[in-house]
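K.L.:
First the structure, then my questions, so here it is.
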Amino acid sequence: MNKNKSLEDYLVKPGEQSPFANLLVDLAFKKAFDPDKPTSRENLVNLLNDLLAPQLKRPIKNVWTRNVAKNLSGSRASRTAIFDLHCEDDAGELIEIEVQIRKLDNFLKRLAFYASEMVANQAELGIGWKFDIKPTYVIAITRHRMFEDERIVHRATVTDLETKEKFMDSFNFTVVELAKVPFFIESKSDSLSKWLFFFRYLSRLRELPAELGERKFKQLTESSKVSKFSKEEFEAYQKMFHAEWDHNALKNSFFEEFADDINAKVEERAREIAKRMIADGKLSNEEIATYSGLSVEDVVVLRSQAEA
C-alpha cells in the first residue's frame, strides 16, 4: 500500500461503489461483530476493549450472546439492541453489555431504560439471590449529533455528587456521535480515533488507508466486504439500507443538513409577510412581529426602509 497517498485518494469516485458495507446497517454490523463466530468475536472484543478502555477495570477476554427472552417490560419494542452480551474479563469477572446503533426518540431516557432492564433481568427466582448485580454498559453509536459540545464520545456512570467518585458500577453509558468525526487519521493516532474514523468512513473508501494498517483493522475490513455476503445476506442488506437507513437519514438529517437554506427561505417568507402588513398600515410593529415570526427590531428596520 502506498504510504504517500493522501486520505482523499482512498475515497470512492462519484458513481463508484465501495467494496465495504456500511457498518451502521444492522445486518452488516452483526456480520462483522458476530459474538458466536471466532473471527467476528475477536473483532467485537477488540472494539469493546478500545471503546470502553477508560471505563473498564480489566480488559474483556470473551463475549457471548445474552439470552434476552425474559423481558420485564412486556414490550417487544423495548428490545432494540443490536447485541445483548455477556462479557468476561481477564480475571473471570462478568459484565453485561448492550450495543445500539440507532437514533431513537427520547434517546438518553431509552438508554437508562435499557440499562435498568439489564440489571432487572439479572434477578434470580427464589429467596437465595443476594443481589449480585454485574456491571452493565450500554453503548450507543449514532451518526447524528446528540450533544451541543464537540466531544465525540460521552461517558457517564453513577457518581457521588460531592467526591465525584463512582458510587456504583451497575450503570455505565457510552455514546458515540459519528457526525463529529473528522476526515482525518494518522498512523500515530490512538486506537479509539482509528475506530471512529473506521465506523464513519469505511463505506466511502475504495481500500483501507495505510493509517489503519494494524491487523485488527485489516481483519475487520475483510469481515466488512460486501463480496463476503451470501446472495440472501446481500439482498437483506440492500433492503435494510434503502428501507431503513436512507429513510431515517432523510427524516432525521434533512433539516440538519439543509438548516441554513431552510432558515433563509423561512426568513425570506417572513419578511415578505411583514412588508405586506406594513404596507397595509393597520398593525403595530409588535403585532406584525407576532404574526410574521420576526423580531420587533427587524420589523422596525423594514418599516423604516418602506418609509424611506
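Residue numbers start at 1 in each chain; chains themselves are named A, B, ... in the order of the C-alpha cells; ligands are numbered from 1 in the order shown.
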Pull the strand (DSSP E) assignments for region 107-244 of chain A out of DSSP run on the backbone, and list those residues as number ranges by chain.
P.N.:
A: 136-142, 153-159, 166-177
K.L.:
Give me a file of those residues, with C-alpha atoms, as a CSV table (one decimal), in the first residue's frame.
P.N.:
```csv
chain,number,residue,atom,x,y,z
A,136,THR,CA,-23.8,-3.1,32.9
A,137,TYR,CA,-22.7,-1.0,29.9
A,138,VAL,CA,-24.9,0.5,27.3
A,139,ILE,CA,-23.1,1.5,24.1
A,140,ALA,CA,-24.9,3.7,21.6
A,141,ILE,CA,-23.3,4.5,18.3
A,142,THR,CA,-25.2,7.1,16.2
A,153,VAL,CA,-17.6,10.2,22.9
A,154,HIS,CA,-19.6,10.9,26.0
A,155,ARG,CA,-19.2,8.6,29.0
A,156,ALA,CA,-21.4,8.5,32.1
A,157,THR,CA,-21.9,6.5,35.3
A,158,VAL,CA,-23.4,6.9,38.8
A,159,THR,CA,-21.1,9.1,40.9
A,166,LYS,CA,-18.0,6.3,41.2
A,167,PHE,CA,-20.9,5.5,43.5
A,168,MET,CA,-21.7,2.1,42.0
A,169,ASP,CA,-20.7,0.2,38.8
A,170,SER,CA,-24.2,-1.0,37.9
A,171,PHE,CA,-24.9,1.6,35.3
A,172,ASN,CA,-22.4,2.7,32.7
A,173,PHE,CA,-23.1,4.6,29.4
A,174,THR,CA,-21.0,5.3,26.3
A,175,VAL,CA,-22.5,7.4,23.5
A,176,VAL,CA,-20.5,7.9,20.2
A,177,GLU,CA,-21.6,10.7,17.8
```
K.L.:
Give me the residues near Ile185 (chain A) as a ChimeraX atom specification, where near means some atom within 8 Å (using only C-alpha atoms) and where sequence neighbours in that chain fewer than 4 positions away do not count.
P.N.:
/A:189,193-194,197,211
K.L.:
Could you take the residues named above and write them with N, CA and C atoms, as a compact mmCIF listing (two decimals), in the first residue's frame?
P.N.:
```txt
# COMPACT_ATOMS: atom_id res chain seq x y z
N SER A 189 -2.24 8.02 15.53
CA SER A 189 -3.49 8.29 16.25
C SER A 189 -3.79 7.13 17.18
N SER A 193 -9.52 6.75 18.08
CA SER A 193 -9.67 7.65 16.93
C SER A 193 -9.74 6.85 15.63
N LYS A 194 -8.97 5.78 15.56
CA LYS A 194 -8.99 4.95 14.35
C LYS A 194 -10.32 4.21 14.22
N PHE A 197 -12.95 6.75 12.98
CA PHE A 197 -12.77 7.00 11.55
C PHE A 197 -13.29 5.81 10.75
N GLU A 211 -2.92 4.25 7.25
CA GLU A 211 -3.00 4.64 8.65
C GLU A 211 -3.78 3.63 9.48
```
K.L.:
Please identify the helix (DSSP H, G or I) residues within region 6-178 of chain A (assignment by DSSP from backbone atoms) and present them as a compact mmCIF listing (two decimals) with all heavy atoms, in the first residue's frame.
P.N.:
```txt
# COMPACT_ATOMS: atom_id res chain seq x y z
N LEU A 7 -5.43 10.85 2.29
CA LEU A 7 -6.67 10.15 2.62
C LEU A 7 -7.70 10.27 1.50
O LEU A 7 -8.47 9.35 1.25
CB LEU A 7 -7.24 10.71 3.92
CG LEU A 7 -6.56 10.25 5.21
CD1 LEU A 7 -7.19 10.94 6.41
CD2 LEU A 7 -6.64 8.73 5.38
N GLU A 8 -7.72 11.42 0.82
CA GLU A 8 -8.70 11.63 -0.25
C GLU A 8 -8.54 10.60 -1.37
O GLU A 8 -9.50 10.26 -2.06
CB GLU A 8 -8.58 13.04 -0.82
CG GLU A 8 -9.10 14.15 0.09
CD GLU A 8 -8.19 14.43 1.28
OE1 GLU A 8 -7.02 13.95 1.27
OE2 GLU A 8 -8.63 15.11 2.21
N ASP A 9 -7.32 10.09 -1.54
CA ASP A 9 -7.06 9.12 -2.60
C ASP A 9 -7.76 7.79 -2.35
O ASP A 9 -7.91 6.98 -3.26
CB ASP A 9 -5.56 8.88 -2.76
CG ASP A 9 -4.81 10.10 -3.26
OD1 ASP A 9 -5.41 10.86 -4.04
OD2 ASP A 9 -3.65 10.30 -2.85
N TYR A 10 -8.17 7.57 -1.10
CA TYR A 10 -8.81 6.31 -0.74
C TYR A 10 -10.33 6.37 -0.90
O TYR A 10 -11.00 5.35 -0.77
CB TYR A 10 -8.46 5.92 0.69
CG TYR A 10 -7.01 5.56 0.89
CD1 TYR A 10 -6.10 6.49 1.36
CD2 TYR A 10 -6.54 4.28 0.58
CE1 TYR A 10 -4.76 6.16 1.54
CE2 TYR A 10 -5.21 3.94 0.75
CZ TYR A 10 -4.32 4.89 1.23
OH TYR A 10 -3.00 4.56 1.39
N ASP A 26 -27.88 -2.80 10.33
CA ASP A 26 -27.92 -3.89 11.30
C ASP A 26 -27.19 -5.15 10.83
O ASP A 26 -26.36 -5.71 11.53
CB ASP A 26 -29.37 -4.26 11.64
CG ASP A 26 -30.06 -3.19 12.44
OD1 ASP A 26 -29.51 -2.08 12.56
OD2 ASP A 26 -31.16 -3.46 12.96
N LEU A 27 -27.55 -5.62 9.63
CA LEU A 27 -27.00 -6.88 9.16
C LEU A 27 -25.49 -6.82 9.03
O LEU A 27 -24.77 -7.77 9.40
CB LEU A 27 -27.64 -7.27 7.82
CG LEU A 27 -27.24 -8.62 7.25
CD1 LEU A 27 -28.42 -9.28 6.54
CD2 LEU A 27 -26.06 -8.49 6.27
N ALA A 28 -24.96 -5.71 8.51
CA ALA A 28 -23.51 -5.57 8.33
C ALA A 28 -22.79 -5.55 9.68
O ALA A 28 -21.73 -6.16 9.84
CB ALA A 28 -23.20 -4.30 7.54
N PHE A 29 -23.37 -4.84 10.64
CA PHE A 29 -22.76 -4.78 11.97
C PHE A 29 -22.74 -6.17 12.60
O PHE A 29 -21.73 -6.60 13.16
CB PHE A 29 -23.54 -3.80 12.86
CG PHE A 29 -22.85 -3.47 14.15
CD1 PHE A 29 -22.12 -2.31 14.28
CD2 PHE A 29 -22.92 -4.33 15.24
CE1 PHE A 29 -21.46 -2.00 15.47
CE2 PHE A 29 -22.30 -4.03 16.44
CZ PHE A 29 -21.56 -2.87 16.55
N LYS A 30 -23.85 -6.86 12.53
CA LYS A 30 -23.94 -8.18 13.14
C LYS A 30 -22.98 -9.17 12.48
O LYS A 30 -22.40 -10.03 13.15
CB LYS A 30 -25.37 -8.70 13.05
CG LYS A 30 -26.34 -7.97 13.97
CD LYS A 30 -27.75 -8.50 13.83
CE LYS A 30 -28.69 -7.81 14.80
NZ LYS A 30 -30.09 -8.26 14.66
N LYS A 31 -22.81 -9.06 11.17
CA LYS A 31 -21.91 -9.97 10.46
C LYS A 31 -20.45 -9.69 10.83
O LYS A 31 -19.66 -10.61 11.03
CB LYS A 31 -22.11 -9.83 8.95
CG LYS A 31 -21.38 -10.89 8.13
CD LYS A 31 -21.77 -10.80 6.67
CE LYS A 31 -21.04 -11.85 5.84
NZ LYS A 31 -21.41 -13.23 6.21
N ALA A 32 -20.10 -8.41 10.94
CA ALA A 32 -18.71 -8.04 11.25
C ALA A 32 -18.34 -8.33 12.70
O ALA A 32 -17.18 -8.58 13.01
CB ALA A 32 -18.49 -6.57 10.93
N PRO A 38 -15.71 -17.23 15.63
CA PRO A 38 -14.38 -16.88 16.16
C PRO A 38 -13.80 -15.56 15.65
O PRO A 38 -13.38 -14.71 16.45
CB PRO A 38 -13.52 -18.08 15.71
CG PRO A 38 -14.48 -19.21 15.57
CD PRO A 38 -15.76 -18.60 15.08
N THR A 39 -13.75 -15.35 14.33
CA THR A 39 -13.11 -14.14 13.80
C THR A 39 -13.89 -12.89 14.16
O THR A 39 -13.33 -11.89 14.64
CB THR A 39 -12.97 -14.24 12.27
OG1 THR A 39 -12.15 -15.37 11.95
CG2 THR A 39 -12.32 -12.98 11.72
N SER A 40 -15.20 -12.92 13.95
CA SER A 40 -16.01 -11.74 14.27
C SER A 40 -16.11 -11.52 15.77
O SER A 40 -16.26 -10.38 16.23
CB SER A 40 -17.41 -11.87 13.64
OG SER A 40 -18.00 -13.11 13.96
N ARG A 41 -15.99 -12.59 16.56
CA ARG A 41 -15.94 -12.42 18.02
C ARG A 41 -14.67 -11.65 18.41
O ARG A 41 -14.70 -10.78 19.27
CB ARG A 41 -15.97 -13.77 18.71
CG ARG A 41 -15.95 -13.65 20.25
CD ARG A 41 -15.76 -14.98 20.95
NE ARG A 41 -16.78 -15.93 20.52
CZ ARG A 41 -16.51 -17.09 19.94
NH1 ARG A 41 -15.24 -17.45 19.72
NH2 ARG A 41 -17.48 -17.90 19.58
N GLU A 42 -13.57 -11.97 17.75
CA GLU A 42 -12.32 -11.24 18.00
C GLU A 42 -12.47 -9.77 17.62
O GLU A 42 -11.99 -8.88 18.33
CB GLU A 42 -11.16 -11.87 17.21
CG GLU A 42 -9.81 -11.23 17.49
CD GLU A 42 -8.68 -11.87 16.71
OE1 GLU A 42 -8.87 -13.01 16.23
OE2 GLU A 42 -7.61 -11.24 16.58
N ASN A 43 -13.16 -9.50 16.50
CA ASN A 43 -13.44 -8.12 16.11
C ASN A 43 -14.20 -7.39 17.22
O ASN A 43 -13.89 -6.24 17.55
CB ASN A 43 -14.29 -8.08 14.83
CG ASN A 43 -13.56 -8.61 13.61
OD1 ASN A 43 -12.33 -8.66 13.58
ND2 ASN A 43 -14.31 -9.01 12.60
N LEU A 44 -15.19 -8.06 17.77
CA LEU A 44 -16.03 -7.45 18.80
C LEU A 44 -15.24 -7.19 20.08
O LEU A 44 -15.37 -6.12 20.69
CB LEU A 44 -17.23 -8.36 19.08
CG LEU A 44 -18.25 -7.86 20.11
CD1 LEU A 44 -18.81 -6.49 19.72
CD2 LEU A 44 -19.38 -8.87 20.27
N VAL A 45 -14.42 -8.14 20.48
CA VAL A 45 -13.60 -7.96 21.69
C VAL A 45 -12.64 -6.78 21.50
O VAL A 45 -12.47 -5.95 22.39
CB VAL A 45 -12.82 -9.25 22.01
CG1 VAL A 45 -11.76 -8.99 23.09
CG2 VAL A 45 -13.77 -10.34 22.47
N ASN A 46 -12.03 -6.67 20.31
CA ASN A 46 -11.14 -5.54 20.02
C ASN A 46 -11.88 -4.22 20.13
O ASN A 46 -11.39 -3.25 20.73
CB ASN A 46 -10.55 -5.68 18.62
CG ASN A 46 -9.53 -6.80 18.52
OD1 ASN A 46 -8.91 -7.17 19.51
ND2 ASN A 46 -9.35 -7.34 17.32
N LEU A 47 -13.08 -4.16 19.53
CA LEU A 47 -13.87 -2.94 19.57
C LEU A 47 -14.23 -2.56 21.01
O LEU A 47 -14.05 -1.41 21.42
CB LEU A 47 -15.15 -3.11 18.75
CG LEU A 47 -16.19 -2.00 18.88
CD1 LEU A 47 -15.64 -0.68 18.36
CD2 LEU A 47 -17.48 -2.37 18.16
N LEU A 48 -14.75 -3.52 21.77
CA LEU A 48 -15.19 -3.22 23.13
C LEU A 48 -14.03 -2.76 24.01
O LEU A 48 -14.17 -1.80 24.79
CB LEU A 48 -15.86 -4.45 23.74
CG LEU A 48 -17.17 -4.91 23.09
CD1 LEU A 48 -17.68 -6.18 23.75
CD2 LEU A 48 -18.23 -3.81 23.16
N ASN A 49 -12.89 -3.39 23.90
CA ASN A 49 -11.76 -3.01 24.74
C ASN A 49 -11.24 -1.62 24.40
O ASN A 49 -10.92 -0.83 25.29
CB ASN A 49 -10.63 -4.03 24.60
CG ASN A 49 -10.85 -5.24 25.48
OD1 ASN A 49 -11.36 -5.15 26.59
ND2 ASN A 49 -10.48 -6.41 24.98
N ASP A 50 -11.17 -1.29 23.12
CA ASP A 50 -10.68 0.04 22.73
C ASP A 50 -11.70 1.12 23.04
O ASP A 50 -11.34 2.23 23.45
CB ASP A 50 -10.33 0.06 21.24
CG ASP A 50 -9.06 -0.71 20.94
OD1 ASP A 50 -8.27 -0.95 21.88
OD2 ASP A 50 -8.84 -1.07 19.77
N LEU A 51 -12.98 0.81 22.83
CA LEU A 51 -14.02 1.81 23.06
C LEU A 51 -14.26 2.06 24.55
O LEU A 51 -14.46 3.20 24.98
CB LEU A 51 -15.32 1.37 22.39
CG LEU A 51 -16.53 2.29 22.53
CD1 LEU A 51 -16.22 3.68 21.98
CD2 LEU A 51 -17.73 1.70 21.80
N LEU A 52 -14.20 1.00 25.36
CA LEU A 52 -14.53 1.11 26.78
C LEU A 52 -13.30 1.20 27.68
O LEU A 52 -13.43 1.17 28.91
CB LEU A 52 -15.37 -0.10 27.22
CG LEU A 52 -16.72 -0.27 26.53
CD1 LEU A 52 -17.39 -1.54 27.03
CD2 LEU A 52 -17.62 0.94 26.77
N ARG A 76 -42.22 -5.80 23.18
CA ARG A 76 -41.22 -6.22 22.21
C ARG A 76 -40.45 -5.01 21.69
O ARG A 76 -39.30 -5.12 21.31
CB ARG A 76 -41.89 -6.94 21.04
CG ARG A 76 -42.51 -8.27 21.43
CD ARG A 76 -43.16 -8.93 20.23
NE ARG A 76 -42.19 -9.24 19.20
CZ ARG A 76 -42.51 -9.70 18.01
NH1 ARG A 76 -43.78 -9.91 17.71
NH2 ARG A 76 -41.58 -9.95 17.11
N ALA A 77 -41.11 -3.85 21.68
CA ALA A 77 -40.46 -2.65 21.17
C ALA A 77 -39.29 -2.22 22.04
O ALA A 77 -38.42 -1.48 21.62
CB ALA A 77 -41.47 -1.49 21.08
N SER A 78 -39.27 -2.68 23.29
CA SER A 78 -38.19 -2.28 24.18
C SER A 78 -36.88 -2.97 23.83
O SER A 78 -35.82 -2.53 24.20
CB SER A 78 -38.55 -2.60 25.63
OG SER A 78 -38.57 -4.00 25.85
N PHE A 107 -33.81 9.63 23.36
CA PHE A 107 -32.59 8.83 23.26
C PHE A 107 -31.98 8.48 24.61
O PHE A 107 -31.79 7.31 24.93
CB PHE A 107 -31.59 9.60 22.40
CG PHE A 107 -30.32 8.85 22.09
CD1 PHE A 107 -30.29 7.89 21.11
CD2 PHE A 107 -29.16 9.12 22.79
CE1 PHE A 107 -29.12 7.20 20.81
CE2 PHE A 107 -27.99 8.45 22.51
CZ PHE A 107 -27.97 7.48 21.51
N LEU A 108 -31.68 9.48 25.43
CA LEU A 108 -30.99 9.22 26.69
C LEU A 108 -31.88 8.46 27.67
O LEU A 108 -31.41 7.60 28.42
CB LEU A 108 -30.51 10.53 27.30
CG LEU A 108 -29.44 11.28 26.48
CD1 LEU A 108 -29.03 12.56 27.18
CD2 LEU A 108 -28.22 10.39 26.24
N LYS A 109 -33.17 8.77 27.67
CA LYS A 109 -34.08 8.05 28.57
C LYS A 109 -34.19 6.58 28.15
O LYS A 109 -34.34 5.70 29.00
CB LYS A 109 -35.45 8.72 28.57
CG LYS A 109 -35.43 10.09 29.25
CD LYS A 109 -36.80 10.71 29.29
CE LYS A 109 -36.75 12.07 29.99
NZ LYS A 109 -38.09 12.70 30.06
N ARG A 110 -34.12 6.32 26.86
CA ARG A 110 -34.13 4.94 26.40
C ARG A 110 -32.89 4.20 26.90
O ARG A 110 -32.96 3.03 27.29
CB ARG A 110 -34.17 4.88 24.87
CG ARG A 110 -35.56 5.12 24.27
CD ARG A 110 -35.47 5.10 22.75
NE ARG A 110 -36.77 5.31 22.15
CZ ARG A 110 -37.54 4.34 21.66
NH1 ARG A 110 -37.16 3.09 21.74
NH2 ARG A 110 -38.70 4.62 21.09
N LEU A 111 -31.74 4.86 26.87
CA LEU A 111 -30.52 4.22 27.36
C LEU A 111 -30.65 3.86 28.83
O LEU A 111 -30.22 2.79 29.26
CB LEU A 111 -29.31 5.14 27.15
CG LEU A 111 -28.98 5.54 25.70
CD1 LEU A 111 -27.63 6.24 25.65
CD2 LEU A 111 -28.99 4.34 24.77
N ALA A 112 -31.27 4.76 29.60
CA ALA A 112 -31.49 4.47 31.02
C ALA A 112 -32.43 3.27 31.17
O ALA A 112 -32.22 2.41 32.04
CB ALA A 112 -32.08 5.69 31.71
N PHE A 113 -33.44 3.20 30.32
CA PHE A 113 -34.38 2.08 30.37
C PHE A 113 -33.67 0.77 30.04
O PHE A 113 -33.87 -0.25 30.73
CB PHE A 113 -35.52 2.32 29.39
CG PHE A 113 -36.49 1.17 29.26
CD1 PHE A 113 -37.48 0.97 30.19
CD2 PHE A 113 -36.38 0.28 28.20
CE1 PHE A 113 -38.37 -0.09 30.09
CE2 PHE A 113 -37.26 -0.78 28.08
CZ PHE A 113 -38.25 -0.97 29.02
N TYR A 114 -32.85 0.77 28.99
CA TYR A 114 -32.15 -0.45 28.60
C TYR A 114 -31.23 -0.93 29.73
O TYR A 114 -31.16 -2.12 30.02
CB TYR A 114 -31.32 -0.22 27.34
CG TYR A 114 -32.14 0.20 26.13
CD1 TYR A 114 -31.60 1.06 25.18
CD2 TYR A 114 -33.43 -0.28 25.94
CE1 TYR A 114 -32.35 1.44 24.07
CE2 TYR A 114 -34.18 0.11 24.84
CZ TYR A 114 -33.63 0.97 23.91
OH TYR A 114 -34.36 1.35 22.82
N ALA A 115 -30.50 0.01 30.35
CA ALA A 115 -29.62 -0.37 31.45
C ALA A 115 -30.41 -0.94 32.62
O ALA A 115 -30.01 -1.93 33.24
CB ALA A 115 -28.81 0.84 31.90
N SER A 116 -31.54 -0.33 32.91
CA SER A 116 -32.39 -0.82 34.01
C SER A 116 -32.89 -2.23 33.72
O SER A 116 -32.95 -3.08 34.61
CB SER A 116 -33.58 0.12 34.22
OG SER A 116 -33.14 1.41 34.59
N GLU A 117 -33.25 -2.49 32.46
CA GLU A 117 -33.69 -3.84 32.09
C GLU A 117 -32.57 -4.86 32.27
O GLU A 117 -32.80 -5.97 32.75
CB GLU A 117 -34.17 -3.85 30.64
CG GLU A 117 -35.65 -3.62 30.48
CD GLU A 117 -36.17 -4.27 29.21
OE1 GLU A 117 -35.45 -4.30 28.20
OE2 GLU A 117 -37.31 -4.76 29.24
N MET A 118 -31.36 -4.46 31.89
CA MET A 118 -30.24 -5.39 32.03
C MET A 118 -29.99 -5.75 33.50
O MET A 118 -29.68 -6.88 33.83
CB MET A 118 -28.98 -4.80 31.41
CG MET A 118 -28.92 -4.96 29.90
SD MET A 118 -27.22 -4.82 29.28
CE MET A 118 -26.91 -3.10 29.55
N VAL A 119 -30.14 -4.75 34.37
CA VAL A 119 -29.97 -5.00 35.81
C VAL A 119 -31.10 -5.88 36.32
O VAL A 119 -30.88 -6.89 37.00
CB VAL A 119 -29.90 -3.68 36.59
CG1 VAL A 119 -30.01 -3.94 38.09
CG2 VAL A 119 -28.60 -2.95 36.29
N ALA A 120 -32.34 -5.53 35.98
CA ALA A 120 -33.50 -6.27 36.48
C ALA A 120 -33.50 -7.71 35.99
O ALA A 120 -33.90 -8.63 36.72
CB ALA A 120 -34.79 -5.57 36.05
N LEU A 178 -20.95 9.87 15.57
CA LEU A 178 -20.09 9.79 14.40
C LEU A 178 -20.14 11.05 13.55
O LEU A 178 -19.20 11.31 12.77
CB LEU A 178 -20.48 8.58 13.55
CG LEU A 178 -20.23 7.22 14.20
CD1 LEU A 178 -20.67 6.10 13.26
CD2 LEU A 178 -18.77 7.04 14.59
```
K.L.:
So what do you get for CA of Lys180 (chain A) versus CA of Ile152 (chain A), distance-wise?
P.N.:
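Atom-to-atom, CA of Lys180 (chain A) to CA of Ile152 (chain A), that is 5.8 Å.
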K.L.:
For Val25 (chain A), list every protein, DNA or RNA residue within 8 Å, evaluated using only C-alpha atoms, and leave out those in the same chain fewer than 3 positions away; present the list as a PyMOL selection string.
P.N.:
chain A and resi 22+28-29+237+240-241+245
K.L.:
Can you work out the spacing between CA of Leu11 (chain A) and CA of Ser227 (chain A) in Å, to one decimal?
P.N.:
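For CA of Leu11 (chain A) relative to CA of Ser227 (chain A), the distance reads 18.4 Å.
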K.L.:
Need the shell around region 293-303 of chain A: protein/DNA/RNA residues with any atom at most 9 Å away, counting only C-alpha atoms. Skip same-chain ones fewer than 2 positions apart. Format as a ChimeraX atom specification?
P.N.:
/A:267,270-271,274-275,278-279,285-291,305-308
K.L.:
Between A:Val12, A:Ala123, A:Val63, A:Ile273, which one has atoms that come closest to Leu208 (chain A), using only C-alpha atoms?
P.N.:
A:Val12
K.L.:
Tell me, in Å to one decimal, how far CA of Ala236 (chain A) is from CA of Pro19 (chain A).
P.N.:
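If I compute the distance from CA of Ala236 (chain A) to CA of Pro19 (chain A), I get 16.6 Å.
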K.L.:
With only C-alpha atoms as the atoms that count, which of A:Glu207, A:Glu214, A:Asp90, A:Asp84 lies nearest to Trp195 (chain A)?
P.N.:
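With only C-alpha atoms as the atom set, the closest residue is A:Glu214.
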K.L.:
Would you please work out which residue, of A:Trp64, A:Trp129, A:Phe20, A:Phe183, is nearest to Phe229 (chain A) when using only C-alpha atoms?
P.N.:
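Smallest distance to Phe229 (chain A) is found for A:Phe20.
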